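Each remark here refers to the structure printed beneath this line.
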Amino acid sequence: MFMQRIAIKSRDSFYSVEFCSKIRNIELSPNDLIKKIFIIDKNVFKIHSKDLTPIIKDSDYILIESNEENKSLKGIETILEFLINKEVDKSSYLVAIGGGIIQDLVSFTSHIYFRGISWIYIPTTLLAMSDSCIGAKASINFQSYKNQIGAFHAPKQILICTEFLTSLAENEIKSGYGEIIKLHLIKSYEAFQEIKNSIKSEGLSTEKVERWIHQSLIIKKKFVEEDEYDQGIRKILNYGHSFGHALETSNASYISHGLAITWGINLVNFIAFKKSILSEKKFHEIYKFTKEYILNSTNIKLNYKELMLAANRDKKVINKQINLVYLTESAELCITPTNLDDKLFNLVEEFINKY
Ligand SMILES: NC(=O)c1ccc[n+]([C@@H]2O[C@H](COP(=O)([O-])OP(=O)(O)OC[C@H]3O[C@@H](n4cnc5c(N)ncnc54)[C@H](O)[C@@H]3O)[C@@H](O)[C@H]2O)c1
């Protein structure tokens, strides 16, 4: 199915999201006269080098291992060194090819190199295609603090090519669906039911994936255009994130971002149910579905103390309060400042023990 281009309004211009079914058909918008430097996920290049080589042509490129350790000042330094050695100037474009880690690294580097150069993004994970590619956020980790340092720097162009998904691990596909389901829950309970029923009957098929990506970006577009700098309404998109991030930091083994967020959604829905904001029926319906189709093979090895430590250290915590995003019975989402106190900790412990 052919997906229509989406234009995203940013601070001082628009950037576009374009769809293309085959990697070999990818066309970058600035012409050949403009110098381009490619920053590519090492795994992606290894698998797709035959199709990527004609796109890179004789441009310089650097391969990066996508892991949270490299999404750091050390990782930024490696890229900066490469750019300086290649005498990259202010008129050049960086082209990022990879998932959210490569996106964060390249958008942050583009923001600071010569006080800002242009970049293009080709996302290769479902999570990056359906969620992170728009919104202009660039975050890197600092020591053990996740996404603690950041900037806003929108790309000039985003090219989505679902052929990359053919090589993506099953867990990363589920991680992407975690964010897709989150965005559909944010849109409406009917939108959630639609995707739930489709997954139940067809599984996590790639047949419809372009449609879910397109729909997810349309849902997110409204929030990032209205509040690009995350001062108000955009915080709704943090649904599931506070405890999701804490799980990512504290889990004994690696857990993909979208899976951690899905777990965080179930926890915050449980708190909402206990506070009589959401019915037990809806909490259960979302829990049962996500447990069966998204979290079924996720290895959650939780240390309650470390989880709460990580939740306390979250950058969104101000004066021992955290803005939790609750799904309400009327399917509206509400941002509620919540004390990080024993009452909340007891609910978290109850959820962990029961589910
Ligand atoms: N900037 C934002 O707005 C934003 C939003 C959400 C998440 N994030 C960040 O994104 C990161 C997670 O990104 P992600 O989930 O996209 O994955 P990722 O970039 O962490 O990649 C996950 C794994 O998949 C591999 N991979 C990527 N594409 C592949 C492909 N097509 N085929 C085979 N393997 C492939 C990578 O090498 C890596 O091993 C986190 O650091 C998170 O904080 C950023």
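Following the order of the structure tokens, chains are lettered A, B, ..., residues in each are numbered from 1, and ligands are numbered from 1.
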
When the cut-off is 8 Å and you count only C-alpha atoms and all ligand atoms, which residues lie near ligand 1, shown as a tab-separated table (two decimals) with all heavy atoms, in the first residue's frame?
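Contents of pocket-v4.tsv, as written:
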chain	number	residue	atom	x	y	z
A	41	ASP	N	24.37	2.31	11.61
A	41	ASP	CA	24.39	1.19	12.56
A	41	ASP	C	25.18	0.03	11.93
A	41	ASP	O	24.92	-0.38	10.80
A	41	ASP	CB	22.92	0.79	12.82
A	41	ASP	CG	22.78	-0.40	13.73
A	41	ASP	OD1	23.31	-1.49	13.41
A	41	ASP	OD2	22.10	-0.26	14.75
A	42	LYS	N	26.16	-0.47	12.70
A	42	LYS	CA	27.05	-1.52	12.20
A	42	LYS	C	26.29	-2.76	11.75
A	42	LYS	O	26.57	-3.33	10.68
A	42	LYS	CB	28.02	-1.90	13.33
A	42	LYS	CG	29.30	-2.50	12.88
A	42	LYS	CD	30.22	-2.66	14.08
A	42	LYS	CE	31.62	-2.97	13.64
A	42	LYS	NZ	32.56	-2.94	14.75
A	43	ASN	N	25.31	-3.20	12.56
A	43	ASN	CA	24.54	-4.40	12.19
A	43	ASN	C	23.77	-4.19	10.90
A	43	ASN	O	23.71	-5.08	10.04
A	43	ASN	CB	23.50	-4.75	13.28
A	43	ASN	CG	24.15	-5.29	14.52
A	43	ASN	OD1	25.23	-5.85	14.45
A	43	ASN	ND2	23.49	-5.11	15.67
A	44	VAL	N	23.17	-3.01	10.79
A	44	VAL	CA	22.35	-2.71	9.60
A	44	VAL	C	23.23	-2.73	8.35
A	44	VAL	O	22.86	-3.30	7.32
A	44	VAL	CB	21.65	-1.34	9.75
A	44	VAL	CG1	20.96	-0.91	8.47
A	44	VAL	CG2	20.65	-1.39	10.91
A	47	ILE	N	24.15	-6.27	7.23
A	47	ILE	CA	23.06	-7.03	6.60
A	47	ILE	C	22.67	-6.43	5.24
A	47	ILE	O	22.36	-7.15	4.30
A	47	ILE	CB	21.82	-7.07	7.53
A	47	ILE	CG1	22.19	-7.68	8.88
A	47	ILE	CG2	20.66	-7.82	6.88
A	47	ILE	CD1	21.15	-7.49	9.97
A	65	GLU	N	28.40	0.85	16.64
A	65	GLU	CA	27.65	-0.21	17.33
A	65	GLU	C	26.55	0.43	18.16
A	65	GLU	O	26.84	1.27	19.02
A	65	GLU	CB	28.59	-1.00	18.23
A	65	GLU	CG	29.02	-2.30	17.60
A	65	GLU	CD	29.95	-3.08	18.49
A	65	GLU	OE1	29.55	-3.42	19.61
A	65	GLU	OE2	31.08	-3.32	18.03
A	66	SER	N	25.31	0.03	17.91
A	66	SER	CA	24.20	0.65	18.64
A	66	SER	C	24.01	-0.01	19.99
A	66	SER	O	23.40	-1.07	20.10
A	66	SER	CB	22.90	0.51	17.84
A	66	SER	OG	22.95	1.33	16.73
A	67	ASN	N	24.55	0.62	21.01
A	67	ASN	CA	24.23	0.18	22.37
A	67	ASN	C	24.20	1.42	23.27
A	67	ASN	O	24.72	2.48	22.91
A	67	ASN	CB	25.23	-0.88	22.87
A	67	ASN	CG	26.67	-0.41	22.77
A	67	ASN	OD1	26.99	0.68	23.22
A	67	ASN	ND2	27.53	-1.21	22.16
A	68	GLU	N	23.57	1.26	24.44
A	68	GLU	CA	23.35	2.42	25.31
A	68	GLU	C	24.68	3.01	25.80
A	68	GLU	O	24.75	4.20	26.09
A	68	GLU	CB	22.45	2.03	26.50
A	68	GLU	CG	20.99	1.72	26.11
A	68	GLU	CD	20.18	2.94	25.63
A	68	GLU	OE1	20.53	4.07	25.98
A	68	GLU	OE2	19.21	2.73	24.88
A	71	LYS	N	25.75	5.50	23.38
A	71	LYS	CA	24.88	6.69	23.29
A	71	LYS	C	25.27	7.64	24.43
A	71	LYS	O	24.53	7.84	25.39
A	71	LYS	CB	23.41	6.27	23.40
A	71	LYS	CG	22.47	7.29	22.77
A	71	LYS	CD	21.02	6.89	22.90
A	71	LYS	CE	20.36	7.44	24.11
A	71	LYS	NZ	18.90	7.38	24.10
A	98	GLY	N	19.81	3.92	11.01
A	98	GLY	CA	19.79	3.03	12.17
A	98	GLY	C	18.55	3.26	13.01
A	98	GLY	O	17.63	3.97	12.61
A	99	GLY	N	18.56	2.67	14.21
A	99	GLY	CA	17.41	2.84	15.11
A	99	GLY	C	17.56	4.09	15.97
A	99	GLY	O	18.33	5.00	15.65
A	100	GLY	N	16.83	4.10	17.11
A	100	GLY	CA	16.79	5.28	17.98
A	100	GLY	C	18.15	5.68	18.53
A	100	GLY	O	18.39	6.86	18.79
A	101	ILE	N	19.05	4.70	18.69
A	101	ILE	CA	20.38	5.05	19.24
A	101	ILE	C	21.16	5.89	18.23
A	101	ILE	O	21.70	6.94	18.57
A	101	ILE	CB	21.14	3.77	19.66
A	101	ILE	CG1	20.46	3.21	20.92
A	101	ILE	CG2	22.63	4.05	19.88
A	101	ILE	CD1	21.15	2.09	21.63
A	102	ILE	N	21.19	5.44	16.99
A	102	ILE	CA	21.89	6.21	15.94
A	102	ILE	C	21.19	7.57	15.76
A	102	ILE	O	21.84	8.60	15.62
A	102	ILE	CB	21.90	5.41	14.60
A	102	ILE	CG1	22.72	4.13	14.77
A	102	ILE	CG2	22.41	6.25	13.44
A	102	ILE	CD1	24.22	4.31	14.96
A	103	GLN	N	19.85	7.57	15.81
A	103	GLN	CA	19.11	8.84	15.70
A	103	GLN	C	19.55	9.82	16.78
A	103	GLN	O	19.88	10.98	16.50
A	103	GLN	CB	17.60	8.57	15.83
A	103	GLN	CG	16.79	9.86	15.88
A	103	GLN	CD	15.34	9.65	16.28
A	103	GLN	OE1	14.83	8.53	16.24
A	103	GLN	NE2	14.67	10.71	16.66
A	104	ASP	N	19.56	9.37	18.04
A	104	ASP	CA	19.93	10.26	19.14
A	104	ASP	C	21.37	10.77	18.98
A	104	ASP	O	21.64	11.95	19.19
A	104	ASP	CB	19.78	9.53	20.49
A	104	ASP	CG	18.35	9.62	21.02
A	104	ASP	OD1	17.62	10.54	20.61
A	104	ASP	OD2	17.96	8.77	21.84
A	123	PRO	N	15.27	5.70	9.44
A	123	PRO	CA	15.12	4.79	10.58
A	123	PRO	C	15.07	3.34	10.12
A	123	PRO	O	14.49	3.03	9.08
A	123	PRO	CB	13.79	5.22	11.20
A	123	PRO	CG	13.04	5.93	10.13
A	123	PRO	CD	14.05	6.48	9.17
A	124	THR	N	15.66	2.45	10.93
A	124	THR	CA	15.68	1.04	10.52
A	124	THR	C	14.99	0.11	11.51
A	124	THR	O	14.94	-1.10	11.30
A	124	THR	CB	17.14	0.55	10.33
A	124	THR	OG1	17.81	0.66	11.59
A	124	THR	CG2	17.88	1.36	9.28
A	125	THR	N	14.50	0.66	12.64
A	125	THR	CA	13.73	-0.17	13.58
A	125	THR	C	12.27	0.28	13.53
A	125	THR	O	11.98	1.42	13.14
A	125	THR	CB	14.23	-0.02	15.03
A	125	THR	OG1	14.07	1.35	15.42
A	125	THR	CG2	15.68	-0.42	15.18
A	126	LEU	N	11.39	-0.61	13.98
A	126	LEU	CA	9.97	-0.26	13.97
A	126	LEU	C	9.70	0.88	14.95
A	126	LEU	O	8.88	1.77	14.69
A	126	LEU	CB	9.13	-1.50	14.31
A	126	LEU	CG	7.63	-1.32	14.27
A	126	LEU	CD1	7.15	-0.76	12.93
A	126	LEU	CD2	6.91	-2.64	14.57
A	127	LEU	N	10.41	0.87	16.09
A	127	LEU	CA	10.21	1.93	17.08
A	127	LEU	C	10.59	3.29	16.51
A	127	LEU	O	9.87	4.29	16.66
A	127	LEU	CB	11.06	1.62	18.32
A	127	LEU	CG	10.93	2.63	19.45
A	127	LEU	CD1	10.69	1.91	20.78
A	127	LEU	CD2	12.13	3.52	19.57
A	128	ALA	N	11.70	3.34	15.80
A	128	ALA	CA	12.15	4.62	15.24
A	128	ALA	C	11.23	5.06	14.10
A	128	ALA	O	10.93	6.25	13.96
A	128	ALA	CB	13.59	4.49	14.76
A	129	MET	N	10.75	4.10	13.28
A	129	MET	CA	9.87	4.46	12.17
A	129	MET	C	8.53	5.01	12.66
A	129	MET	O	7.98	5.95	12.10
A	129	MET	CB	9.58	3.23	11.29
A	129	MET	CG	10.78	2.74	10.52
A	129	MET	SD	10.36	1.26	9.55
A	129	MET	CE	11.98	0.73	9.05
A	131	ASP	N	7.67	6.07	15.84
A	131	ASP	CA	7.59	6.99	16.97
A	131	ASP	C	8.74	7.99	17.04
A	131	ASP	O	8.56	9.19	16.86
A	131	ASP	CB	7.53	6.17	18.28
A	131	ASP	CG	7.52	7.04	19.51
A	131	ASP	OD1	6.53	7.74	19.72
A	131	ASP	OD2	8.51	7.04	20.25
A	132	SER	N	9.96	7.50	17.27
A	132	SER	CA	11.02	8.45	17.63
A	132	SER	C	11.46	9.36	16.49
A	132	SER	O	11.98	10.44	16.74
A	132	SER	CB	12.24	7.70	18.21
A	132	SER	OG	12.89	6.95	17.22
A	133	CYS	N	11.25	8.94	15.22
A	133	CYS	CA	11.81	9.72	14.11
A	133	CYS	C	11.27	11.15	14.04
A	133	CYS	O	11.95	12.04	13.56
A	133	CYS	CB	11.62	8.99	12.77
A	133	CYS	SG	9.92	8.87	12.22
A	134	ILE	N	10.06	11.38	14.54
A	134	ILE	CA	9.56	12.77	14.53
A	134	ILE	C	9.58	13.33	15.95
A	134	ILE	O	9.58	12.59	16.93
A	134	ILE	CB	8.15	12.92	13.90
A	134	ILE	CG1	7.09	12.16	14.71
A	134	ILE	CG2	8.15	12.48	12.45
A	134	ILE	CD1	5.66	12.52	14.30
A	135	GLY	N	9.62	14.64	16.04
A	135	GLY	CA	9.56	15.28	17.36
A	135	GLY	C	10.84	16.00	17.74
A	135	GLY	O	10.87	16.74	18.71
A	136	ALA	N	11.92	15.74	16.97
A	136	ALA	CA	13.16	16.54	17.09
A	136	ALA	C	13.96	16.34	18.37
A	136	ALA	O	14.90	17.07	18.63
A	136	ALA	CB	12.85	18.03	16.90
A	137	LYS	N	13.59	15.37	19.19
A	137	LYS	CA	14.34	15.18	20.45
A	137	LYS	C	15.64	14.43	20.20
A	137	LYS	O	15.68	13.47	19.43
A	137	LYS	CB	13.51	14.37	21.45
A	137	LYS	CG	12.59	15.22	22.29
A	137	LYS	CD	12.00	14.39	23.42
A	137	LYS	CE	10.95	15.19	24.18
A	137	LYS	NZ	10.27	14.39	25.19
A	138	ALA	N	16.70	14.87	20.89
A	138	ALA	CA	18.00	14.18	20.83
A	138	ALA	C	18.47	14.01	22.25
A	138	ALA	O	18.70	15.00	22.94
A	138	ALA	CB	18.98	15.03	20.05
A	139	SER	N	18.59	12.78	22.72
A	139	SER	CA	19.02	12.59	24.10
A	139	SER	C	20.13	11.57	24.17
A	139	SER	O	20.10	10.56	23.47
A	139	SER	CB	17.86	12.05	24.96
A	139	SER	OG	16.72	12.82	24.77
A	140	ILE	N	21.09	11.84	25.03
A	140	ILE	CA	22.14	10.84	25.28
A	140	ILE	C	22.24	10.56	26.77
A	140	ILE	O	21.76	11.34	27.60
A	140	ILE	CB	23.51	11.24	24.67
A	140	ILE	CG1	24.00	12.57	25.24
A	140	ILE	CG2	23.47	11.28	23.16
A	140	ILE	CD1	25.47	12.80	24.98
A	146	LYS	N	19.90	7.78	32.27
A	146	LYS	CA	19.38	7.56	30.91
A	146	LYS	C	18.83	8.87	30.32
A	146	LYS	O	18.07	9.58	30.98
A	146	LYS	CB	18.29	6.48	30.99
A	146	LYS	CG	17.47	6.31	29.76
A	146	LYS	CD	17.71	5.00	29.05
A	146	LYS	CE	16.81	4.91	27.84
A	146	LYS	NZ	17.52	4.78	26.60
A	147	ASN	N	19.20	9.15	29.06
A	147	ASN	CA	18.68	10.31	28.32
A	147	ASN	C	18.77	11.61	29.12
A	147	ASN	O	17.86	12.45	29.07
A	147	ASN	CB	17.21	10.08	27.92
A	147	ASN	CG	17.08	9.02	26.84
A	147	ASN	OD1	18.05	8.67	26.18
A	147	ASN	ND2	15.89	8.49	26.68
A	163	GLU	N	11.42	-2.25	4.29
A	163	GLU	CA	12.24	-3.42	3.94
A	163	GLU	C	13.28	-3.69	5.04
A	163	GLU	O	13.67	-4.84	5.26
A	163	GLU	CB	12.94	-3.21	2.59
A	163	GLU	CG	13.55	-4.50	2.06
A	163	GLU	CD	14.37	-4.32	0.78
A	163	GLU	OE1	14.48	-3.21	0.26
A	163	GLU	OE2	14.92	-5.35	0.33
A	164	PHE	N	13.72	-2.65	5.76
A	164	PHE	CA	14.68	-2.85	6.84
A	164	PHE	C	14.12	-3.79	7.92
A	164	PHE	O	14.88	-4.47	8.60
A	164	PHE	CB	15.04	-1.51	7.50
A	164	PHE	CG	16.01	-0.67	6.71
A	164	PHE	CD1	15.60	0.50	6.09
A	164	PHE	CD2	17.33	-1.07	6.57
A	164	PHE	CE1	16.49	1.27	5.37
A	164	PHE	CE2	18.24	-0.30	5.85
A	164	PHE	CZ	17.81	0.88	5.24
A	165	LEU	N	12.78	-3.80	8.07
A	165	LEU	CA	12.19	-4.59	9.15
A	165	LEU	C	12.35	-6.09	8.93
A	165	LEU	O	12.23	-6.88	9.87
A	165	LEU	CB	10.71	-4.23	9.32
A	165	LEU	CG	10.42	-2.77	9.66
A	165	LEU	CD1	8.92	-2.53	9.79
A	165	LEU	CD2	11.13	-2.36	10.95
A	166	THR	N	12.63	-6.48	7.68
A	166	THR	CA	12.76	-7.91	7.40
A	166	THR	C	13.93	-8.54	8.17
A	166	THR	O	13.96	-9.74	8.39
A	166	THR	CB	12.98	-8.17	5.89
A	166	THR	OG1	14.10	-7.39	5.48
A	166	THR	CG2	11.76	-7.77	5.07
A	167	SER	N	14.91	-7.71	8.57
A	167	SER	CA	16.07	-8.27	9.29
A	167	SER	C	16.03	-7.97	10.78
A	167	SER	O	16.96	-8.31	11.51
A	167	SER	CB	17.36	-7.70	8.69
A	167	SER	OG	17.38	-6.31	8.79
A	168	LEU	N	14.98	-7.32	11.24
A	168	LEU	CA	14.92	-6.90	12.65
A	168	LEU	C	14.49	-8.06	13.55
A	168	LEU	O	13.56	-8.80	13.21
A	168	LEU	CB	13.92	-5.73	12.77
A	168	LEU	CG	13.99	-4.91	14.06
A	168	LEU	CD1	15.34	-4.22	14.22
A	168	LEU	CD2	12.89	-3.84	14.07
A	169	ALA	N	15.17	-8.20	14.70
A	169	ALA	CA	14.85	-9.29	15.64
A	169	ALA	C	13.41	-9.17	16.13
A	169	ALA	O	12.87	-8.06	16.24
A	169	ALA	CB	15.82	-9.23	16.82
A	172	GLU	N	12.63	-6.74	18.87
A	172	GLU	CA	12.65	-5.32	18.46
A	172	GLU	C	11.36	-4.97	17.70
A	172	GLU	O	10.89	-3.84	17.76
A	172	GLU	CB	13.89	-5.02	17.59
A	172	GLU	CG	15.22	-5.25	18.29
A	172	GLU	CD	15.44	-4.36	19.52
A	172	GLU	OE1	14.84	-3.28	19.60
A	172	GLU	OE2	16.21	-4.77	20.41
A	175	SER	N	8.98	-4.46	20.42
A	175	SER	CA	9.28	-3.18	21.05
A	175	SER	C	8.61	-2.03	20.26
A	175	SER	O	7.99	-1.13	20.84
A	175	SER	CB	10.80	-3.01	21.10
A	175	SER	OG	11.17	-1.72	21.46
A	176	GLY	N	8.72	-2.09	18.94
A	176	GLY	CA	8.08	-1.08	18.09
A	176	GLY	C	6.57	-1.09	18.26
A	176	GLY	O	5.93	-0.04	18.38
A	256	SER	N	14.45	-3.94	25.60
A	256	SER	CA	14.23	-2.94	24.56
A	256	SER	C	13.29	-1.85	25.06
A	256	SER	O	12.40	-2.11	25.88
A	256	SER	CB	13.59	-3.58	23.32
A	256	SER	OG	14.37	-4.65	22.91
A	257	HIS	N	13.51	-0.64	24.51
A	257	HIS	CA	12.77	0.55	24.97
A	257	HIS	C	11.25	0.36	24.96
A	257	HIS	O	10.57	0.58	25.96
A	257	HIS	CB	13.19	1.73	24.09
A	257	HIS	CG	12.57	3.02	24.48
A	257	HIS	ND1	12.93	3.71	25.61
A	257	HIS	CD2	11.59	3.76	23.89
A	257	HIS	CE1	12.21	4.82	25.70
A	257	HIS	NE2	11.39	4.87	24.66
A	258	GLY	N	10.71	-0.09	23.84
A	258	GLY	CA	9.26	-0.20	23.70
A	258	GLY	C	8.66	-1.26	24.63
A	258	GLY	O	7.49	-1.16	25.04

Exercise for the section: Name the residues of region 6-105 of chain A that come out as strand (DSSP E or B) in a backbone DSSP run; write them as a ChimeraX atom specification. Expected result: /A:6-9,14-19,36-41,60-64,93-98

Got a sec: who's within 12 Å of Ala154 (chain A), counting only C-alpha atoms, leaving out chain neighbours fewer than 6 positions off, as a JSON list (two decimals) with C-alpha atoms, in the first residue's frame?
[["chain", "number", "residue", "atom", "x", "y", "z"],
["A", 8, "ILE", "CA", 5.77, 17.99, 10.22],
["A", 9, "LYS", "CA", 5.80, 21.62, 11.34],
["A", 10, "SER", "CA", 8.91, 22.44, 13.34],
["A", 11, "ARG", "CA", 10.15, 25.69, 14.94],
["A", 12, "ASP", "CA", 11.16, 27.47, 11.75],
["A", 13, "SER", "CA", 10.27, 25.15, 8.89],
["A", 14, "PHE", "CA", 8.60, 21.90, 7.88],
["A", 15, "TYR", "CA", 10.29, 18.54, 7.49],
["A", 16, "SER", "CA", 8.84, 15.62, 5.62],
["A", 17, "VAL", "CA", 8.38, 11.94, 6.27],
["A", 103, "GLN", "CA", 19.11, 8.84, 15.70],
["A", 104, "ASP", "CA", 19.93, 10.26, 19.14],
["A", 106, "VAL", "CA", 23.40, 11.93, 15.05],
["A", 107, "SER", "CA", 20.76, 14.49, 15.99],
["A", 108, "PHE", "CA", 22.78, 15.53, 19.06],
["A", 109, "THR", "CA", 26.02, 15.74, 17.04],
["A", 110, "SER", "CA", 24.26, 17.73, 14.27],
["A", 111, "HIS", "CA", 23.00, 20.12, 16.93],
["A", 116, "GLY", "CA", 24.12, 23.10, 14.06],
["A", 117, "ILE", "CA", 24.31, 21.35, 10.71],
["A", 118, "SER", "CA", 21.61, 19.61, 8.67],
["A", 119, "TRP", "CA", 20.82, 15.94, 8.93],
["A", 120, "ILE", "CA", 18.61, 13.34, 7.29],
["A", 121, "TYR", "CA", 17.21, 10.28, 9.01],
["A", 132, "SER", "CA", 11.02, 8.45, 17.63],
["A", 133, "CYS", "CA", 11.81, 9.72, 14.11],
["A", 134, "ILE", "CA", 9.56, 12.77, 14.53],
["A", 135, "GLY", "CA", 9.56, 15.28, 17.36],
["A", 136, "ALA", "CA", 13.16, 16.54, 17.09],
["A", 137, "LYS", "CA", 14.34, 15.18, 20.45],
["A", 138, "ALA", "CA", 18.00, 14.18, 20.83],
["A", 224, "VAL", "CA", 4.89, 17.61, 18.63],
["A", 225, "GLU", "CA", 3.57, 20.37, 16.39],
["A", 228, "GLU", "CA", 7.66, 20.86, 20.16],
["A", 229, "TYR", "CA", 9.66, 21.83, 23.27]]

Exercise for the section: Quick one: everything within 10 Å of region 279-283 of chain A, counting only C-alpha atoms, minus sequence neighbours fewer than 6 positions away in the same chain. Send it as a list in words. Expected result: Tyr189, Ile265, Asn266, Leu267, Val268, Asn269, Phe270, Ile271, Ala272, Phe273, Leu327, Thr328, Glu329, Ser330 and Ala331 of chain A

Exercise for the section: Counting only C-alpha atoms, figure out which residue out of A:Ile112, A:Ile122, A:Ile79, A:Ile335 gets nearest to Gln157 (chain A). Expected result: A:Ile122

Handout entry: Distance query Met3 (chain A) at most 12 Å, only C-alpha atoms, self and fewer than 5 positions along chain excluded, as a list in words
Key =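 In the requested format, the answer is Val17, Glu18, Phe19, Cys20, Ser21, Leu159, Ile160, Cys161, Thr162, Lys208, Val209, Glu210, Arg211, Trp212, Ile213, His214, Gln215, Leu217 and Ile218 of chain A.
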
Resulting file, chosen residues, C-alpha atoms, as a PDB file, in the first residue's frame:
ATOM      1  CA  VAL A  17       8.379  11.937   6.273  1.00  0.00           C
ATOM      2  CA  GLU A  18       8.439   9.967   3.042  1.00  0.00           C
ATOM      3  CA  PHE A  19       7.729   6.275   2.487  1.00  0.00           C
ATOM      4  CA  CYS A  20       9.513   3.950   0.126  1.00  0.00           C
ATOM      5  CA  SER A  21       9.156   0.188  -0.015  1.00  0.00           C
ATOM      6  CA  LEU A 159      12.771   8.311   4.775  1.00  0.00           C
ATOM      7  CA  ILE A 160      10.881   5.254   5.972  1.00  0.00           C
ATOM      8  CA  CYS A 161      11.631   2.017   4.204  1.00  0.00           C
ATOM      9  CA  THR A 162       9.934  -1.005   5.790  1.00  0.00           C
ATOM     10  CA  LYS A 208      -0.205  -3.885   7.759  1.00  0.00           C
ATOM     11  CA  VAL A 209       2.871  -2.423   9.377  1.00  0.00           C
ATOM     12  CA  GLU A 210       3.151   0.599   7.059  1.00  0.00           C
ATOM     13  CA  ARG A 211      -0.394   1.519   7.935  1.00  0.00           C
ATOM     14  CA  TRP A 212       0.300   1.330  11.696  1.00  0.00           C
ATOM     15  CA  ILE A 213       3.470   3.392  11.255  1.00  0.00           C
ATOM     16  CA  HIS A 214       1.579   6.047   9.278  1.00  0.00           C
ATOM     17  CA  GLN A 215      -1.276   6.150  11.785  1.00  0.00           C
ATOM     18  CA  LEU A 217       3.027   9.287  13.199  1.00  0.00           C
ATOM     19  CA  ILE A 218      -0.228  11.126  12.486  1.00  0.00           C
TER      20      ILE A 218
END

Problem - Which of region 142-322 of chain A DSSP labels alpha helix (DSSP H), written as number ranges by chain - result: A: 170-187, 189-202, 209-226, 241-250, 257-274, 280-293, 304-313

Can you pull out the residues contacting region 343-350 of chain A? Cut-off 8 Å, using only C-alpha atoms, and skip same-chain residues under 2 positions away; I want them as a CSV table (one decimal) with N, CA, C and O atoms, in the first residue's frame.
chain,number,residue,atom,x,y,z
A,267,LEU,N,1.9,-0.8,34.6
A,267,LEU,CA,2.1,-0.4,36.0
A,267,LEU,C,1.3,0.9,36.3
A,267,LEU,O,0.5,1.0,37.2
A,271,ILE,N,-2.0,1.6,38.8
A,271,ILE,CA,-2.1,2.7,39.8
A,271,ILE,C,-3.4,3.5,39.6
A,271,ILE,O,-4.1,3.8,40.5
A,274,LYS,N,-6.2,1.5,40.9
A,274,LYS,CA,-6.3,1.5,42.3
A,274,LYS,C,-6.8,2.9,42.8
A,274,LYS,O,-7.3,3.0,43.9
A,304,TYR,N,13.2,-4.3,43.1
A,304,TYR,CA,12.3,-3.3,43.4
A,304,TYR,C,13.0,-2.0,43.9
A,304,TYR,O,12.7,-0.9,43.5
A,308,MET,N,12.9,1.8,42.2
A,308,MET,CA,12.5,3.0,42.9
A,308,MET,C,13.6,4.0,42.9
A,308,MET,O,13.4,5.2,42.8
A,339,ASN,N,3.1,12.4,44.3
A,339,ASN,CA,4.2,12.3,45.2
A,339,ASN,C,4.9,10.9,45.1
A,339,ASN,O,4.2,9.9,45.1
A,340,LEU,N,6.2,11.0,45.2
A,340,LEU,CA,7.0,9.7,45.2
A,340,LEU,C,7.0,9.4,46.7
A,340,LEU,O,8.0,9.6,47.4
A,341,ASP,N,5.9,8.8,47.2
A,341,ASP,CA,5.9,8.5,48.7
A,341,ASP,C,5.5,7.0,48.9
A,341,ASP,O,5.4,6.3,47.9
A,352,ILE,N,4.2,-5.4,41.2
A,352,ILE,CA,5.3,-6.3,40.9
A,352,ILE,C,5.0,-7.7,41.4
A,352,ILE,O,5.3,-8.7,40.8
A,353,ASN,N,4.5,-7.7,42.6
A,353,ASN,CA,4.2,-9.0,43.2
A,353,ASN,C,3.1,-9.8,42.5
A,353,ASN,O,3.2,-11.0,42.4
A,354,LYS,N,2.1,-9.1,42.0
A,354,LYS,CA,1.0,-9.7,41.4
A,354,LYS,C,1.1,-10.1,40.0
A,354,LYS,O,0.6,-11.0,39.4

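Considering the residues A:Ser49, A:Ser72, A:Asn296, A:Ser29 and counting only C-alpha atoms, Ile158 (chain A) has its shortest atom-to-atom contact with A:Ser29.
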
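Picture a line from CA of Ile180 (chain A) to CA of Thr206 (chain A); it runs 13.4 Å.
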
Exercise for the section: Would you kindly return, as a list in words, each protein, DNA or RNA residue with an atom no farther than 9 Å from any atom of Leu259 (chain A), considering only C-alpha atoms and excluding same-chain residues fewer than 4 positions away? Expected result: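 Within the cut-off, the hits are Asn171, Glu172, Lys174, Ser175, Gly176, Tyr177, Gly178, Glu179, Gly244, Ile255, Trp263, Gly264, Ile294, Leu295 and Thr298 of chain A.
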
Exercise for the section: Could you check how far CA of Phe38 (chain A) sits from CA of Val95 (chain A), in Å to one decimal? Expected result: 4.7 Å

Exercise for the section: Can you work out the spacing between CA of Ser242 (chain A) and CA of Ala311 (chain A) in Å, to one decimal? Expected result: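 Between CA of Ser242 (chain A) and CA of Ala311 (chain A) the gap is 6.6 Å.
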
Completion exercise
Closest of A:Ser250, A:Ser188, A:Thr78, A:Asn85 to Tyr145 (chain A), counting only C-alpha atoms, is A:Ser250

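Using only C-alpha atoms, the smallest distance between any of A:Leu80, A:Ile219, A:Leu247, A:Leu94 and Lys35 (chain A) comes from A:Leu94.
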